[in-house]
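Input: a single structure, listed below in structure tokens.
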Amino acid sequence: MRVTQGLLAAVAMLPVPAAATPAVCAADATLDRAPSAMGDVALKPALDRVLALYRARHPGAAEPLGWDFGGGARAIGALMFELADIVPVARAFGPAEIAPYEHQFHGDMMKEPLVIRIGAIAGRPAGIAVNRRPGAPLPKRITDFIALALSADGQRTLSQTAGFIPLDAADRAVERAKLDGFVAPLDAALPSYRPVPRLSGAIRSIGSDGMKALMDSWECRFAALQPGVGKGEMWEHLGTLNGYDALLTGQADIAPMGRELWPDELAGWRSVYGSGAPVEIAVARGGFDTPQRTTAQAILVNSANPIRRITVAQLAGIFSANPTITRWGQLGLTGDWADRPIHVRMPPRVVPNSMSMQRMILGGGDWNAAAVEAPIADTAKAVLNDPAAIGFGGLEEGDPALRALDVAGADGMYAPLNAESASSGRYPLTRYMYIRLAHGAIPPQIASFLRFVLSRDGQERVRYSGYFPLTAAETRVQLARLDQALRRPR
């Protein structure tokens with residue numbers, strides 16, 4: 001702990017050049033500009049050449065917000081505090097450096113920096129380090145720049161630097177693959193945000209740690225569009241539970257929350273306010289297989305089980321308090337499987353996965369009393385060891401040996417669980433991210449911030465967050481909910 005604290009203190013004292021200050025919005029993936037950089041001076045001549053090549057290939061792109069090569073010791077600090085899009089490094093990061101980085105981004109889906117090798121210089125590895133959340137694509141300008149450095153033209157350009165050794169084709173392919181990631185499409189019908197003249201005020205936000213980077217990105221862009229609005233005295237994102245309590249006690253105007261409101265929370269709200277519930281606005285769709293975050297729910301069976309698909313209605317028949325489906329033959333299996341009992345497994349009823357599934361497949365009804373509860377990893381293991389078992393959980397929490405069933409909703413259209421079907425909502429067991437509002441009148445700056453979040457500009461930022469943007473139809477529903485809340489007497 002003393003080593004970690006010392007490194008944090010040392011990084012905090014490092015000087016930050018004025019040119020890098022605007023890069024606080026480095027997470028803004030939508031701006032057409034060259035990537036900003038802060039890194040090892042030994043790589044500056046090489047990266048200068050790639051930047052010149054990038055400018056030639058992207059003549060309309062704006063200049064980088066910062067291009068500072070003051071020293072490799074600042075690399076971790078540049079990543080931790082998001083001072084640059086890319087961080088060129090000429091060495092490997094040590095465990096003691098990674099420790100404060102992990103502490104800084106604990107809960108925000110960042111585990112360690114991703115380093116893409118681009119060659120070697122003076123006998124040392126030459127790479128570009130970036131922040132990357134598991135399951136989230138990198139911003140296009142970062143992907144384009146690094147891909148250019150790894151291209152045949154980029155490697156020839158880098159080789160003009162004294163002492164630089166390029167990668168061979170096989171190594172370049174390995175490094176290039178690190179940039180791959182699914183970028184969800186954006187609905188062309190999403191509305192544009194219209195800035196409100198003379199809008200002013202502050203926004204107090206407390207809530208989900210998994211939404212921290214997304215909230216910061218939204219706030220940064222919104223402040224540029226509405227310069228009279230800024231962060232309130234409370235702007236911290238340490239967890240969904242914090243957001244609920246902040247709303248209940250009047251410490252926040254809005255609470256980003258990565259899950260549905262729990263029954264006990266609703267009861268607590270009503271014990272304070274007498275009736276009703278917080279205003280709930282869905283602002284993004286949950287992810288696909290992002291570790292430890294709000295993700296679509298997979299229906300898991302043993303790979304020896306011949307079943308390939310299931311409907312939400314059939315799931316209700318299996319998991320409900322009064323099950324109507326108890327044998328595999330009722331799902332169409334024949335032979336030895338026809339009379340085989342279904343063994344129901346599930347995560348604990350109080351965890352977010354189960355709360356979400358209770359809402360999605362049971363409409364809030366009670367669970368099958370025969371369901372065996374266990375931690376998510378143990379539930380997956382139980383299904384792995386029992387061909388007659390069925391369970392559910394996040395795809396990333398299962399096991400490659402398990403099979404995730406295709407699922408059909410009310411429309412009868414079966415969809416596999418993959419990034420495309422989860423992002424589009426075709427897969428019916430997807431979840432949502434929410435912003436909930438405090439009790440009382442909704443101030444104009446809060447209403448406008450939510451309109452921005454639900455706009456094309458706001459949803460564009462969701463694409464690079466580890467979550468997925470809403471469709472135009474979904475945002476219309478949420479905007480109508482906001483309008484209704486604004487009309488409601490307080």
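Following the order of the structure tokens, first chain is A, next is B, and so on, with residues numbered from 1 inside each chain and ligands from 1 in the order they appear.
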(Q) Give me, as number ranges by chain, all polymer residues having an atom no more than 8 Å from stretch 189-201 of chain A, counting only C-alpha atoms and skipping those fewer than 6 positions away in the same chain. (A) A: 225-230, 444-445, 448, 451-452, 454-457, 471-472, 475
For the residues in the current selection, export N, CA and C atoms as a PDB file, in the first residue's frame.
```pdb
ATOM      1  N   LEU A 225     -21.565  22.629 -25.156  1.00  0.00           N
ATOM      2  CA  LEU A 225     -22.768  23.109 -25.838  1.00  0.00           C
ATOM      3  C   LEU A 225     -23.533  24.115 -24.994  1.00  0.00           C
ATOM      4  N   GLN A 226     -23.476  23.924 -23.666  1.00  0.00           N
ATOM      5  CA  GLN A 226     -24.195  24.786 -22.726  1.00  0.00           C
ATOM      6  C   GLN A 226     -23.208  25.300 -21.685  1.00  0.00           C
ATOM      7  N   PRO A 227     -22.384  26.294 -22.034  1.00  0.00           N
ATOM      8  CA  PRO A 227     -21.300  26.724 -21.142  1.00  0.00           C
ATOM      9  C   PRO A 227     -21.762  27.302 -19.810  1.00  0.00           C
ATOM     10  N   GLY A 228     -23.047  27.605 -19.682  1.00  0.00           N
ATOM     11  CA  GLY A 228     -23.549  28.105 -18.412  1.00  0.00           C
ATOM     12  C   GLY A 228     -23.856  27.014 -17.401  1.00  0.00           C
ATOM     13  N   VAL A 229     -23.718  25.754 -17.819  1.00  0.00           N
ATOM     14  CA  VAL A 229     -24.037  24.618 -16.940  1.00  0.00           C
ATOM     15  C   VAL A 229     -22.753  23.872 -16.605  1.00  0.00           C
ATOM     16  N   GLY A 230     -22.561  23.555 -15.356  1.00  0.00           N
ATOM     17  CA  GLY A 230     -21.362  22.828 -14.943  1.00  0.00           C
ATOM     18  C   GLY A 230     -21.674  21.787 -13.882  1.00  0.00           C
ATOM     19  N   PRO A 444     -34.383  23.176 -15.151  1.00  0.00           N
ATOM     20  CA  PRO A 444     -34.188  23.212 -16.619  1.00  0.00           C
ATOM     21  C   PRO A 444     -32.869  22.594 -17.069  1.00  0.00           C
ATOM     22  N   GLN A 445     -31.764  22.824 -16.314  1.00  0.00           N
ATOM     23  CA  GLN A 445     -30.482  22.282 -16.757  1.00  0.00           C
ATOM     24  C   GLN A 445     -30.457  20.757 -16.687  1.00  0.00           C
ATOM     25  N   SER A 448     -32.516  19.517 -19.715  1.00  0.00           N
ATOM     26  CA  SER A 448     -31.743  19.686 -20.950  1.00  0.00           C
ATOM     27  C   SER A 448     -30.600  18.682 -21.033  1.00  0.00           C
ATOM     28  N   ARG A 451     -32.079  15.523 -22.218  1.00  0.00           N
ATOM     29  CA  ARG A 451     -32.389  15.605 -23.659  1.00  0.00           C
ATOM     30  C   ARG A 451     -31.114  15.441 -24.484  1.00  0.00           C
ATOM     31  N   PHE A 452     -30.016  16.002 -23.994  1.00  0.00           N
ATOM     32  CA  PHE A 452     -28.740  15.815 -24.688  1.00  0.00           C
ATOM     33  C   PHE A 452     -28.327  14.348 -24.675  1.00  0.00           C
ATOM     34  N   LEU A 454     -30.088  11.761 -24.573  1.00  0.00           N
ATOM     35  CA  LEU A 454     -30.951  10.979 -25.461  1.00  0.00           C
ATOM     36  C   LEU A 454     -30.896  11.438 -26.914  1.00  0.00           C
ATOM     37  N   SER A 455     -30.029  12.388 -27.205  1.00  0.00           N
ATOM     38  CA  SER A 455     -29.875  12.886 -28.571  1.00  0.00           C
ATOM     39  C   SER A 455     -28.857  12.050 -29.344  1.00  0.00           C
ATOM     40  N   ARG A 456     -28.744  12.345 -30.619  1.00  0.00           N
ATOM     41  CA  ARG A 456     -27.741  11.666 -31.450  1.00  0.00           C
ATOM     42  C   ARG A 456     -26.335  11.923 -30.905  1.00  0.00           C
ATOM     43  N   ASP A 457     -26.071  13.160 -30.507  1.00  0.00           N
ATOM     44  CA  ASP A 457     -24.761  13.520 -29.957  1.00  0.00           C
ATOM     45  C   ASP A 457     -24.469  12.731 -28.690  1.00  0.00           C
ATOM     46  N   THR A 471     -32.108   3.009 -29.639  1.00  0.00           N
ATOM     47  CA  THR A 471     -32.676   3.325 -30.946  1.00  0.00           C
ATOM     48  C   THR A 471     -33.489   4.618 -30.835  1.00  0.00           C
ATOM     49  N   ALA A 472     -33.831   5.194 -31.975  1.00  0.00           N
ATOM     50  CA  ALA A 472     -34.656   6.404 -31.981  1.00  0.00           C
ATOM     51  C   ALA A 472     -36.013   6.133 -31.348  1.00  0.00           C
ATOM     52  N   THR A 475     -35.561   6.165 -27.603  1.00  0.00           N
ATOM     53  CA  THR A 475     -35.374   7.507 -27.038  1.00  0.00           C
ATOM     54  C   THR A 475     -36.681   8.290 -27.049  1.00  0.00           C
TER      55      THR A 475
END
```
(Q) With DSSP run on the backbone, what are the alpha helix (DSSP H) residues within stretch 138-369 of chain A? I'd like them as a PyMOL selection string. (A) chain A and resi 140-150+152-158+169-177+212-225+240-248+263-273+312-319+352-362
**Q.** Nearest to A:Met357 by atom-to-atom distance, counting only C-alpha atoms, from A:Glu260, A:Glu420, A:Glu236, A:Glu265
**A.** A:Glu260
(Q) Would you pick out the contacts of stretch 171-175 of chain A at 8 Å or less, using only C-alpha atoms, so that residues sharing its chain but fewer than 3 positions from it are not included, and give the list as a VMD selection string? (A) chain A and resid 116 to 118 150 to 151 167 to 168 178 to 179
Q.
If we count only C-alpha atoms and set the cut-off at 10 Å, which residues sit around stretch 433-436 of chain A, ignoring sequence neighbours fewer than 5 positions away in its own chain? Please answer as number ranges by chain.
A. A: 205, 207-208, 210-211, 240, 243-244, 247, 253-261, 277-287, 294-295, 450, 453, 467-468
**Q.** DSSP strand (DSSP E) selection over stretch 170-290 of chain A, as number ranges by chain
**A.** A: 201-206, 229-236, 254-257, 279-285
Q: Give me the residues within 6 Å of A:Ser36 as a ChimeraX atom specification, counting only C-alpha atoms and dropping any in the same chain fewer than 4 places off.
A: /A:64-67,84-85
Convert the current residue selection to file output with N, CA, C and O atoms, as a PDB file, in the first residue's frame.
```pdb
ATOM      1  N   PRO A  64      -4.106  17.703 -33.095  1.00  0.00           N
ATOM      2  CA  PRO A  64      -4.254  17.056 -31.783  1.00  0.00           C
ATOM      3  C   PRO A  64      -4.330  18.099 -30.675  1.00  0.00           C
ATOM      4  O   PRO A  64      -3.734  19.176 -30.769  1.00  0.00           O
ATOM      5  N   LEU A  65      -5.053  17.778 -29.618  1.00  0.00           N
ATOM      6  CA  LEU A  65      -5.180  18.705 -28.499  1.00  0.00           C
ATOM      7  C   LEU A  65      -3.882  18.839 -27.721  1.00  0.00           C
ATOM      8  O   LEU A  65      -3.687  19.824 -27.006  1.00  0.00           O
ATOM      9  N   GLY A  66      -3.021  17.877 -27.825  1.00  0.00           N
ATOM     10  CA  GLY A  66      -1.717  17.945 -27.177  1.00  0.00           C
ATOM     11  C   GLY A  66      -0.770  16.957 -27.830  1.00  0.00           C
ATOM     12  O   GLY A  66      -1.177  15.892 -28.299  1.00  0.00           O
ATOM     13  N   TRP A  67       0.517  17.309 -27.879  1.00  0.00           N
ATOM     14  CA  TRP A  67       1.528  16.420 -28.485  1.00  0.00           C
ATOM     15  C   TRP A  67       2.807  16.638 -27.680  1.00  0.00           C
ATOM     16  O   TRP A  67       3.708  17.349 -28.079  1.00  0.00           O
ATOM     17  N   ALA A  84      -4.262  12.141 -22.557  1.00  0.00           N
ATOM     18  CA  ALA A  84      -3.956  11.983 -23.974  1.00  0.00           C
ATOM     19  C   ALA A  84      -4.677  10.762 -24.519  1.00  0.00           C
ATOM     20  O   ALA A  84      -5.011   9.831 -23.775  1.00  0.00           O
ATOM     21  N   ASP A  85      -4.890  10.754 -25.834  1.00  0.00           N
ATOM     22  CA  ASP A  85      -5.496   9.594 -26.490  1.00  0.00           C
ATOM     23  C   ASP A  85      -4.531   8.418 -26.539  1.00  0.00           C
ATOM     24  O   ASP A  85      -4.922   7.264 -26.349  1.00  0.00           O
TER      25      ASP A  85
END
```
(Q) I'd like the neighbourhood of A:Leu43 as a VMD selection string, where a residue qualifies if any of its atoms comes within 9 Å (using only C-alpha atoms), though same-chain residues fewer than 5 positions away should be ignored. (A) chain A and resid 48 69 88 to 90 121 126 to 127
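Checking A:Pro185, A:Gly317, A:Gly394, A:Pro166 one by one against A:Ala149, counting only C-alpha atoms, you find the shortest gap at A:Pro166.
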**Q.** Contact residues around A:Gln297 with only C-alpha atoms at 9 Å, ignoring same-chain residues under 6 positions, as JSON, numbers by chain
**A.** {"A": [288, 353, 356, 357, 392, 393, 394, 395, 417, 429, 430, 431]}
Output C-alpha atoms of each residue in that selection to a file, as a CSV table (one decimal), in the first residue's frame.
```csv
chain,number,residue,atom,x,y,z
A,288,PHE,CA,-22.7,-7.9,-24.4
A,353,ASN,CA,-28.7,-10.7,-12.7
A,356,SER,CA,-33.3,-8.3,-14.0
A,357,MET,CA,-34.4,-11.8,-15.1
A,392,PHE,CA,-28.6,-18.0,-16.6
A,393,GLY,CA,-26.0,-15.3,-16.2
A,394,GLY,CA,-23.8,-12.9,-18.1
A,395,LEU,CA,-22.1,-14.6,-21.0
A,417,LEU,CA,-26.6,-13.8,-28.0
A,429,LEU,CA,-32.9,-10.5,-22.6
A,430,THR,CA,-30.9,-7.3,-22.8
A,431,ARG,CA,-30.7,-4.8,-19.9
```
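For the residues A:Arg33, A:Lys140, A:Arg488, A:Arg133, ranking by smallest atom-to-atom distance to A:Gly60 using only C-alpha atoms places A:Arg33 first.
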What are the nearest atom pairs, with distances in Å to one decimal, for all residues of stretch 257-326 of chain A that come at most 8 Å from stretch 369-380 of chain A, using only C-alpha atoms, set out by chain and rising residue number as a tab-separated table?
```
residue	atom	partner	partner_atom	distance
A:Leu300	CA	A:Ala380	CA	7.7
A:Phe319	CA	A:Ala371	CA	7.4
A:Ala321	CA	A:Ala369	CA	6.2
```
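Across the structure, atom CA of A:Gly458 and atom CA of A:Phe222 are spaced 8.6 Å apart.
Separating atom CA of A:Trp367 from atom CA of A:Arg349 is a distance of 8.4 Å.
Atom to atom, atom CA of A:Leu315 and atom CA of A:Ile361 stand 6.7 Å apart.
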